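As C-alpha coordinates, the structure follows; a few thoughts come after it.
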Amino acid sequence: MNRRDFNALLAGLGLTFGEGRIYHARATTSRVDVFTLRANDWVPNNPDLPVIVYRNALEAGPDREAVYEDLFAHNGWPPQWRNGVYPFHHYHSLGHEVLGFSNGSARLMLGGPKARTVEVRGGDIAVLPAGTGHCNLGSDEDFTVIGAYPPNQSFDILRAAPTAEQRARIQGLPFPKTDPVQGAAGVLAREWHPS
(Lines give C-alpha, C1' and ligand atoms only; values in the text may rest on other atoms or scores of the structure.)
Protein backbone atom coordinates (compact mmCIF):
# COMPACT_ATOMS: atom_id res chain seq x y z
CA MET A 1 0.00 0.00 0.00
CA ASN A 2 1.42 3.40 -0.90
CA ARG A 3 1.73 6.24 1.63
CA ARG A 4 -1.19 8.25 0.23
CA ASP A 5 -3.59 5.29 0.46
CA PHE A 6 -2.31 4.47 3.96
CA ASN A 7 -2.93 8.05 5.14
CA ALA A 8 -6.41 8.01 3.55
CA LEU A 9 -7.17 4.77 5.40
CA LEU A 10 -6.05 6.29 8.72
CA ALA A 11 -8.10 9.44 8.09
CA GLY A 12 -11.17 7.29 7.45
CA LEU A 13 -10.62 5.75 10.88
CA GLY A 14 -10.31 9.15 12.53
CA LEU A 15 -6.55 8.81 12.95
CA THR A 16 -3.50 10.71 11.76
CA PHE A 17 0.12 9.62 11.32
CA GLY A 18 3.14 11.68 12.32
CA GLU A 19 6.61 11.24 13.77
CA GLY A 20 6.29 7.46 13.48
CA ARG A 21 3.13 7.33 15.65
CA ILE A 22 -0.62 7.10 15.03
CA TYR A 23 -2.80 9.72 16.75
CA HIS A 24 -6.54 10.37 17.12
CA ALA A 25 -7.79 13.10 14.81
CA ARG A 26 -7.78 16.48 16.52
CA ALA A 27 -9.94 19.42 15.71
CA THR A 28 -8.49 22.75 14.76
CA THR A 29 -10.54 25.85 14.23
CA SER A 30 -9.84 29.12 12.56
CA ARG A 31 -12.92 30.75 14.11
CA VAL A 32 -15.53 30.00 16.74
CA ASP A 33 -18.90 31.77 16.73
CA VAL A 34 -20.73 31.97 20.08
CA PHE A 35 -24.20 33.48 20.44
CA THR A 36 -27.24 33.19 22.69
CA LEU A 37 -30.79 32.87 21.40
CA ARG A 38 -33.77 34.13 23.40
CA ALA A 39 -37.21 32.53 23.31
CA ASN A 40 -38.81 33.10 19.92
CA ASP A 41 -42.55 32.57 19.41
CA TRP A 42 -43.14 28.88 20.31
CA VAL A 43 -39.42 27.93 20.27
CA PRO A 44 -37.95 28.08 23.79
CA ASN A 45 -34.25 28.20 22.79
CA ASN A 46 -31.91 28.29 25.77
CA PRO A 47 -31.34 31.73 27.32
CA ASP A 48 -28.65 30.38 29.67
CA LEU A 49 -26.43 28.45 27.24
CA PRO A 50 -25.07 29.81 23.95
CA VAL A 51 -24.87 28.08 20.59
CA ILE A 52 -21.24 27.36 19.61
CA VAL A 53 -20.22 27.01 15.94
CA TYR A 54 -16.67 25.82 15.22
CA ARG A 55 -15.54 26.82 11.73
CA ASN A 56 -13.17 24.57 9.76
CA ALA A 57 -12.77 22.22 12.73
CA LEU A 58 -12.06 19.06 10.71
CA GLU A 59 -11.21 18.13 7.16
CA ALA A 60 -14.34 17.77 5.06
CA GLY A 61 -15.24 15.55 2.15
CA PRO A 62 -16.94 12.35 1.11
CA ASP A 63 -16.54 9.40 3.49
CA ARG A 64 -15.25 11.56 6.37
CA GLU A 65 -18.09 10.73 8.78
CA ALA A 66 -15.96 8.32 10.84
CA VAL A 67 -13.50 11.11 11.64
CA TYR A 68 -16.29 13.19 13.20
CA GLU A 69 -17.71 10.18 15.03
CA ASP A 70 -14.27 9.34 16.44
CA LEU A 71 -13.70 12.92 17.61
CA PHE A 72 -17.10 13.11 19.33
CA ALA A 73 -16.72 9.67 20.95
CA HIS A 74 -13.18 10.48 22.08
CA ASN A 75 -14.54 13.61 23.80
CA GLY A 76 -17.40 11.78 25.53
CA TRP A 77 -20.31 12.52 23.16
CA PRO A 78 -21.38 9.16 21.67
CA PRO A 79 -22.47 9.54 18.02
CA GLN A 80 -26.06 8.44 17.41
CA TRP A 81 -26.89 9.10 13.76
CA ARG A 82 -25.86 10.21 10.26
CA ASN A 83 -28.36 12.15 8.18
CA GLY A 84 -29.14 15.84 7.61
CA VAL A 85 -31.14 18.57 9.32
CA TYR A 86 -34.93 18.49 8.97
CA PRO A 87 -36.47 21.17 6.71
CA PHE A 88 -38.88 22.27 9.45
CA HIS A 89 -38.41 24.17 12.71
CA HIS A 90 -37.91 21.86 15.68
CA TYR A 91 -35.96 21.56 18.93
CA HIS A 92 -35.03 18.87 21.47
CA SER A 93 -35.77 18.58 25.18
CA LEU A 94 -33.96 15.30 25.91
CA GLY A 95 -30.40 16.40 25.21
CA HIS A 96 -27.84 18.92 24.10
CA GLU A 97 -26.79 18.19 20.50
CA VAL A 98 -23.61 18.44 18.44
CA LEU A 99 -23.92 18.47 14.66
CA GLY A 100 -20.81 17.67 12.62
CA PHE A 101 -21.09 18.81 9.01
CA SER A 102 -18.75 16.40 7.22
CA ASN A 103 -19.62 17.25 3.65
CA GLY A 104 -21.60 19.72 1.55
CA SER A 105 -23.16 22.97 2.70
CA ALA A 106 -26.45 24.35 4.00
CA ARG A 107 -28.30 27.42 5.20
CA LEU A 108 -29.75 26.75 8.64
CA MET A 109 -32.14 28.88 10.65
CA LEU A 110 -31.30 28.69 14.33
CA GLY A 111 -33.69 29.91 17.01
CA GLY A 112 -37.05 29.38 15.30
CA PRO A 113 -38.95 31.26 12.59
CA LYS A 114 -37.34 34.52 11.45
CA ALA A 115 -34.40 34.09 13.85
CA ARG A 116 -30.73 33.68 12.91
CA THR A 117 -29.58 32.30 9.54
CA VAL A 118 -26.25 30.47 9.66
CA GLU A 119 -24.30 29.15 6.69
CA VAL A 120 -22.47 25.88 7.40
CA ARG A 121 -20.18 23.79 5.23
CA GLY A 122 -18.16 20.63 5.47
CA GLY A 123 -15.65 20.97 8.32
CA ASP A 124 -17.93 23.06 10.56
CA ILE A 125 -19.40 21.74 13.82
CA ALA A 126 -22.31 23.25 15.81
CA VAL A 127 -23.19 22.64 19.46
CA LEU A 128 -26.86 23.35 20.17
CA PRO A 129 -28.05 23.51 23.77
CA ALA A 130 -31.35 21.75 24.45
CA GLY A 131 -34.31 23.88 23.38
CA THR A 132 -32.49 25.49 20.44
CA GLY A 133 -34.67 25.65 17.35
CA HIS A 134 -33.11 24.56 14.06
CA CYS A 135 -34.32 24.14 10.48
CA ASN A 136 -32.66 23.42 7.13
CA LEU A 137 -33.52 26.27 4.74
CA GLY A 138 -31.66 24.63 1.87
CA SER A 139 -28.67 22.37 1.33
CA ASP A 140 -26.76 20.79 -1.51
CA GLU A 141 -27.10 17.09 -2.28
CA ASP A 142 -23.78 16.27 -0.56
CA PHE A 143 -24.81 17.74 2.80
CA THR A 144 -24.01 15.15 5.49
CA VAL A 145 -24.45 15.56 9.24
CA ILE A 146 -23.29 13.45 12.19
CA GLY A 147 -25.35 13.87 15.37
CA ALA A 148 -24.13 13.13 18.89
CA TYR A 149 -25.26 13.79 22.47
CA PRO A 150 -23.69 13.65 25.93
CA PRO A 151 -23.96 10.31 27.77
CA ASN A 152 -27.50 9.40 28.84
CA GLN A 153 -28.98 12.12 26.62
CA SER A 154 -30.84 11.69 23.35
CA PHE A 155 -33.29 13.56 21.15
CA ASP A 156 -36.97 14.07 20.61
CA ILE A 157 -38.50 16.17 17.84
CA LEU A 158 -40.66 18.96 19.21
CA ARG A 159 -42.58 21.27 16.86
CA ALA A 160 -44.79 23.18 19.30
CA ALA A 161 -44.38 25.24 22.45
CA PRO A 162 -42.93 23.14 25.27
CA THR A 163 -45.11 21.81 28.03
CA ALA A 164 -44.15 22.66 31.61
CA GLU A 165 -42.51 19.22 31.86
CA GLN A 166 -40.48 19.71 28.66
CA ARG A 167 -39.38 23.19 29.74
CA ALA A 168 -38.25 21.83 33.13
CA ARG A 169 -36.36 19.01 31.38
CA ILE A 170 -34.53 21.51 29.12
CA GLN A 171 -33.51 23.64 32.12
CA GLY A 172 -32.54 20.62 34.23
CA LEU A 173 -30.33 18.72 31.78
CA PRO A 174 -26.85 18.18 33.21
CA PHE A 175 -23.92 20.00 31.66
CA PRO A 176 -21.69 17.81 29.51
CA LYS A 177 -18.32 17.11 31.15
CA THR A 178 -16.40 17.85 27.96
CA ASP A 179 -16.57 19.88 24.79
CA PRO A 180 -17.38 17.48 21.90
CA VAL A 181 -14.79 19.20 19.70
CA GLN A 182 -11.99 20.39 22.00
CA GLY A 183 -12.30 18.12 25.04
CA ALA A 184 -12.12 19.14 28.70
CA ALA A 185 -10.58 22.58 28.14
CA GLY A 186 -12.68 23.59 25.14
CA VAL A 187 -14.90 26.57 24.43
CA LEU A 188 -17.95 24.77 25.87
CA ALA A 189 -16.21 24.45 29.26
CA ARG A 190 -15.72 28.24 29.34
CA GLU A 191 -19.10 29.23 27.94
CA TRP A 192 -21.44 26.70 29.58
CA HIS A 193 -19.96 25.99 32.99
CA PRO A 194 -20.32 28.46 35.84
CA SER A 195 -17.00 29.80 37.17
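If you're wondering about the labels, chains in the C-alpha coordinates are A, B, ... by order shown, residues count from 1 in each chain, ligands from 1 in order shown.
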Please report as a Markdown table every residue of stretch 130-184 of chain A lying within 9 Å of stretch 100-109 of chain A, along with the nearest atom pair and their distance in Å (one decimal), using only C-alpha atoms.
```
| residue | atom | partner | partner_atom | distance |
| --- | --- | --- | --- | --- |
| A:Gly133 | CA | A:Met109 | CA | 7.9 |
| A:His134 | CA | A:Met109 | CA | 5.6 |
| A:Cys135 | CA | A:Met109 | CA | 5.2 |
| A:Asn136 | CA | A:Leu108 | CA | 4.7 |
| A:Leu137 | CA | A:Arg107 | CA | 5.4 |
| A:Gly138 | CA | A:Arg107 | CA | 5.5 |
| A:Ser139 | CA | A:Ala106 | CA | 4.0 |
| A:Asp140 | CA | A:Ser105 | CA | 6.0 |
| A:Glu141 | CA | A:Gly104 | CA | 7.2 |
| A:Asp142 | CA | A:Gly104 | CA | 4.6 |
| A:Phe143 | CA | A:Gly104 | CA | 4.0 |
| A:Thr144 | CA | A:Asn103 | CA | 5.2 |
| A:Val145 | CA | A:Phe101 | CA | 4.7 |
| A:Ile146 | CA | A:Gly100 | CA | 4.9 |
| A:Gly147 | CA | A:Gly100 | CA | 6.5 |
| A:Ala148 | CA | A:Gly100 | CA | 8.4 |
```
*From a DSSP pass on the backbone, collect the residues of stretch 26-73 of chain A flagged as helix (DSSP H, G or I) and hand them back as a VMD selection string.*
chain A and resid 65 to 73
*Spatial neighbours of stretch 156-162 of chain A, max dist 8 Å, only C-alpha atoms, sep filter under 5 positions, as a ChimeraX atom specification*: /A:42-44,89-94,167
Contacts of A:Gly172 at 12 Å (only C-alpha atoms; same-chain gap of 3+ positions) as a PDB file with all heavy atoms, in the first residue's frame:
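Result went into result24.pdb, see below:
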```
ATOM      1  N   ASN A  46     -32.510  28.501  24.460  1.00  0.00           N
ATOM      2  CA  ASN A  46     -31.907  28.287  25.770  1.00  0.00           C
ATOM      3  C   ASN A  46     -31.223  29.586  26.188  1.00  0.00           C
ATOM      4  O   ASN A  46     -30.095  29.855  25.756  1.00  0.00           O
ATOM      5  CB  ASN A  46     -30.912  27.126  25.738  1.00  0.00           C
ATOM      6  CG  ASN A  46     -30.612  26.600  27.117  1.00  0.00           C
ATOM      7  OD1 ASN A  46     -30.339  27.366  28.033  1.00  0.00           O
ATOM      8  ND2 ASN A  46     -30.661  25.295  27.275  1.00  0.00           N
ATOM      9  N   ASP A  48     -29.805  30.499  28.780  1.00  0.00           N
ATOM     10  CA  ASP A  48     -28.651  30.377  29.671  1.00  0.00           C
ATOM     11  C   ASP A  48     -27.403  29.829  28.994  1.00  0.00           C
ATOM     12  O   ASP A  48     -26.291  30.039  29.477  1.00  0.00           O
ATOM     13  CB  ASP A  48     -28.996  29.464  30.858  1.00  0.00           C
ATOM     14  CG  ASP A  48     -30.169  30.006  31.656  1.00  0.00           C
ATOM     15  OD1 ASP A  48     -30.233  31.238  31.860  1.00  0.00           O
ATOM     16  OD2 ASP A  48     -31.027  29.206  32.058  1.00  0.00           O
ATOM     17  N   SER A  93     -35.734  18.373  23.735  1.00  0.00           N
ATOM     18  CA  SER A  93     -35.775  18.577  25.184  1.00  0.00           C
ATOM     19  C   SER A  93     -35.027  17.481  25.944  1.00  0.00           C
ATOM     20  O   SER A  93     -34.855  17.588  27.148  1.00  0.00           O
ATOM     21  CB  SER A  93     -37.230  18.630  25.681  1.00  0.00           C
ATOM     22  OG  SER A  93     -37.832  17.354  25.637  1.00  0.00           O
ATOM     23  N   LEU A  94     -34.601  16.438  25.239  1.00  0.00           N
ATOM     24  CA  LEU A  94     -33.961  15.301  25.909  1.00  0.00           C
ATOM     25  C   LEU A  94     -32.438  15.363  25.916  1.00  0.00           C
ATOM     26  O   LEU A  94     -31.794  14.509  26.525  1.00  0.00           O
ATOM     27  CB  LEU A  94     -34.395  13.983  25.234  1.00  0.00           C
ATOM     28  CG  LEU A  94     -35.876  13.642  25.305  1.00  0.00           C
ATOM     29  CD1 LEU A  94     -36.162  12.375  24.511  1.00  0.00           C
ATOM     30  CD2 LEU A  94     -36.310  13.489  26.750  1.00  0.00           C
ATOM     31  N   GLY A  95     -31.859  16.341  25.222  1.00  0.00           N
ATOM     32  CA  GLY A  95     -30.402  16.398  25.206  1.00  0.00           C
ATOM     33  C   GLY A  95     -29.855  17.603  24.475  1.00  0.00           C
ATOM     34  O   GLY A  95     -30.504  18.180  23.606  1.00  0.00           O
ATOM     35  N   HIS A  96     -28.638  17.953  24.855  1.00  0.00           N
ATOM     36  CA  HIS A  96     -27.843  18.916  24.097  1.00  0.00           C
ATOM     37  C   HIS A  96     -27.341  18.165  22.862  1.00  0.00           C
ATOM     38  O   HIS A  96     -27.155  16.950  22.901  1.00  0.00           O
ATOM     39  CB  HIS A  96     -26.677  19.424  24.936  1.00  0.00           C
ATOM     40  CG  HIS A  96     -27.096  19.996  26.261  1.00  0.00           C
ATOM     41  ND1 HIS A  96     -27.899  21.115  26.375  1.00  0.00           N
ATOM     42  CD2 HIS A  96     -26.832  19.588  27.529  1.00  0.00           C
ATOM     43  CE1 HIS A  96     -28.099  21.382  27.660  1.00  0.00           C
ATOM     44  NE2 HIS A  96     -27.467  20.464  28.371  1.00  0.00           N
ATOM     45  N   PRO A 129     -27.486  23.886  22.475  1.00  0.00           N
ATOM     46  CA  PRO A 129     -28.051  23.513  23.771  1.00  0.00           C
ATOM     47  C   PRO A 129     -29.508  23.074  23.611  1.00  0.00           C
ATOM     48  O   PRO A 129     -30.194  23.499  22.677  1.00  0.00           O
ATOM     49  CB  PRO A 129     -27.941  24.791  24.603  1.00  0.00           C
ATOM     50  CG  PRO A 129     -27.769  25.897  23.631  1.00  0.00           C
ATOM     51  CD  PRO A 129     -27.179  25.320  22.385  1.00  0.00           C
ATOM     52  N   ALA A 130     -29.957  22.215  24.490  1.00  0.00           N
ATOM     53  CA  ALA A 130     -31.349  21.752  24.451  1.00  0.00           C
ATOM     54  C   ALA A 130     -32.286  22.949  24.366  1.00  0.00           C
ATOM     55  O   ALA A 130     -32.049  23.985  24.984  1.00  0.00           O
ATOM     56  CB  ALA A 130     -31.654  20.930  25.693  1.00  0.00           C
ATOM     57  N   GLY A 131     -33.335  22.815  23.561  1.00  0.00           N
ATOM     58  CA  GLY A 131     -34.308  23.884  23.381  1.00  0.00           C
ATOM     59  C   GLY A 131     -34.046  24.759  22.177  1.00  0.00           C
ATOM     60  O   GLY A 131     -34.902  25.556  21.799  1.00  0.00           O
ATOM     61  N   GLN A 153     -28.083  11.143  27.239  1.00  0.00           N
ATOM     62  CA  GLN A 153     -28.982  12.117  26.621  1.00  0.00           C
ATOM     63  C   GLN A 153     -29.274  11.656  25.203  1.00  0.00           C
ATOM     64  O   GLN A 153     -28.504  10.912  24.600  1.00  0.00           O
ATOM     65  CB  GLN A 153     -28.369  13.521  26.629  1.00  0.00           C
ATOM     66  CG  GLN A 153     -28.210  14.092  28.024  1.00  0.00           C
ATOM     67  CD  GLN A 153     -27.703  15.522  28.031  1.00  0.00           C
ATOM     68  OE1 GLN A 153     -27.801  16.249  27.058  1.00  0.00           O
ATOM     69  NE2 GLN A 153     -27.155  15.932  29.177  1.00  0.00           N
ATOM     70  N   GLU A 165     -43.446  20.325  31.636  1.00  0.00           N
ATOM     71  CA  GLU A 165     -42.510  19.218  31.860  1.00  0.00           C
ATOM     72  C   GLU A 165     -41.320  19.302  30.906  1.00  0.00           C
ATOM     73  O   GLU A 165     -40.163  19.124  31.318  1.00  0.00           O
ATOM     74  CB  GLU A 165     -43.229  17.881  31.672  1.00  0.00           C
ATOM     75  CG  GLU A 165     -42.321  16.680  31.837  1.00  0.00           C
ATOM     76  CD  GLU A 165     -43.022  15.367  31.523  1.00  0.00           C
ATOM     77  OE1 GLU A 165     -44.265  15.345  31.424  1.00  0.00           O
ATOM     78  OE2 GLU A 165     -42.317  14.358  31.377  1.00  0.00           O
ATOM     79  N   GLN A 166     -41.573  19.590  29.633  1.00  0.00           N
ATOM     80  CA  GLN A 166     -40.479  19.711  28.660  1.00  0.00           C
ATOM     81  C   GLN A 166     -39.578  20.899  28.985  1.00  0.00           C
ATOM     82  O   GLN A 166     -38.352  20.807  28.898  1.00  0.00           O
ATOM     83  CB  GLN A 166     -41.051  19.837  27.244  1.00  0.00           C
ATOM     84  CG  GLN A 166     -41.692  18.552  26.759  1.00  0.00           C
ATOM     85  CD  GLN A 166     -42.585  18.760  25.550  1.00  0.00           C
ATOM     86  OE1 GLN A 166     -43.100  19.865  25.293  1.00  0.00           O
ATOM     87  NE2 GLN A 166     -42.808  17.685  24.797  1.00  0.00           N
ATOM     88  N   ARG A 167     -40.173  22.014  29.379  1.00  0.00           N
ATOM     89  CA  ARG A 167     -39.382  23.195  29.744  1.00  0.00           C
ATOM     90  C   ARG A 167     -38.485  22.888  30.947  1.00  0.00           C
ATOM     91  O   ARG A 167     -37.307  23.230  30.965  1.00  0.00           O
ATOM     92  CB  ARG A 167     -40.290  24.382  30.044  1.00  0.00           C
ATOM     93  CG  ARG A 167     -39.549  25.701  30.205  1.00  0.00           C
ATOM     94  CD  ARG A 167     -40.504  26.868  30.380  1.00  0.00           C
ATOM     95  NE  ARG A 167     -41.391  27.080  29.261  1.00  0.00           N
ATOM     96  CZ  ARG A 167     -41.049  27.680  28.117  1.00  0.00           C
ATOM     97  NH1 ARG A 167     -39.821  28.101  27.950  1.00  0.00           N
ATOM     98  NH2 ARG A 167     -41.929  27.856  27.155  1.00  0.00           N
ATOM     99  N   ALA A 168     -39.041  22.204  31.948  1.00  0.00           N
ATOM    100  CA  ALA A 168     -38.253  21.830  33.129  1.00  0.00           C
ATOM    101  C   ALA A 168     -37.123  20.880  32.750  1.00  0.00           C
ATOM    102  O   ALA A 168     -36.007  20.984  33.270  1.00  0.00           O
ATOM    103  CB  ALA A 168     -39.154  21.199  34.188  1.00  0.00           C
ATOM    104  N   ARG A 169     -37.393  19.962  31.828  1.00  0.00           N
ATOM    105  CA  ARG A 169     -36.360  19.013  31.384  1.00  0.00           C
ATOM    106  C   ARG A 169     -35.221  19.755  30.685  1.00  0.00           C
ATOM    107  O   ARG A 169     -34.045  19.474  30.918  1.00  0.00           O
ATOM    108  CB  ARG A 169     -36.990  17.970  30.470  1.00  0.00           C
ATOM    109  CG  ARG A 169     -36.070  16.826  30.152  1.00  0.00           C
ATOM    110  CD  ARG A 169     -36.765  15.634  29.535  1.00  0.00           C
ATOM    111  NE  ARG A 169     -37.671  15.953  28.455  1.00  0.00           N
ATOM    112  CZ  ARG A 169     -38.946  15.555  28.406  1.00  0.00           C
ATOM    113  NH1 ARG A 169     -39.472  14.817  29.368  1.00  0.00           N
ATOM    114  NH2 ARG A 169     -39.707  15.888  27.379  1.00  0.00           N
ATOM    115  N   PHE A 175     -24.943  19.492  32.567  1.00  0.00           N
ATOM    116  CA  PHE A 175     -23.924  20.000  31.655  1.00  0.00           C
ATOM    117  C   PHE A 175     -23.035  18.850  31.209  1.00  0.00           C
ATOM    118  O   PHE A 175     -22.660  18.004  32.015  1.00  0.00           O
ATOM    119  CB  PHE A 175     -23.040  21.041  32.335  1.00  0.00           C
ATOM    120  CG  PHE A 175     -23.724  22.337  32.631  1.00  0.00           C
ATOM    121  CD1 PHE A 175     -23.752  22.831  33.920  1.00  0.00           C
ATOM    122  CD2 PHE A 175     -24.318  23.065  31.633  1.00  0.00           C
ATOM    123  CE1 PHE A 175     -24.363  24.030  34.207  1.00  0.00           C
ATOM    124  CE2 PHE A 175     -24.939  24.272  31.899  1.00  0.00           C
ATOM    125  CZ  PHE A 175     -24.959  24.758  33.191  1.00  0.00           C
TER     126      PHE A 175
END
```
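Of the listed residues (A:Gly186, A:Asp70, A:Pro174, A:Asp33), A:Asp33 comes nearest to A:Pro50; the distances count only C-alpha atoms.
For the residues A:Tyr149, A:Phe155, A:Trp192, A:Tyr54, ranking by smallest atom-to-atom distance to A:Pro79 using only C-alpha atoms places A:Tyr149 first.
Proximity of A:Gly84, A:Val34, A:Gly112, A:Asp124 to A:Gly61, computed with only C-alpha atoms, is greatest for A:Asp124.
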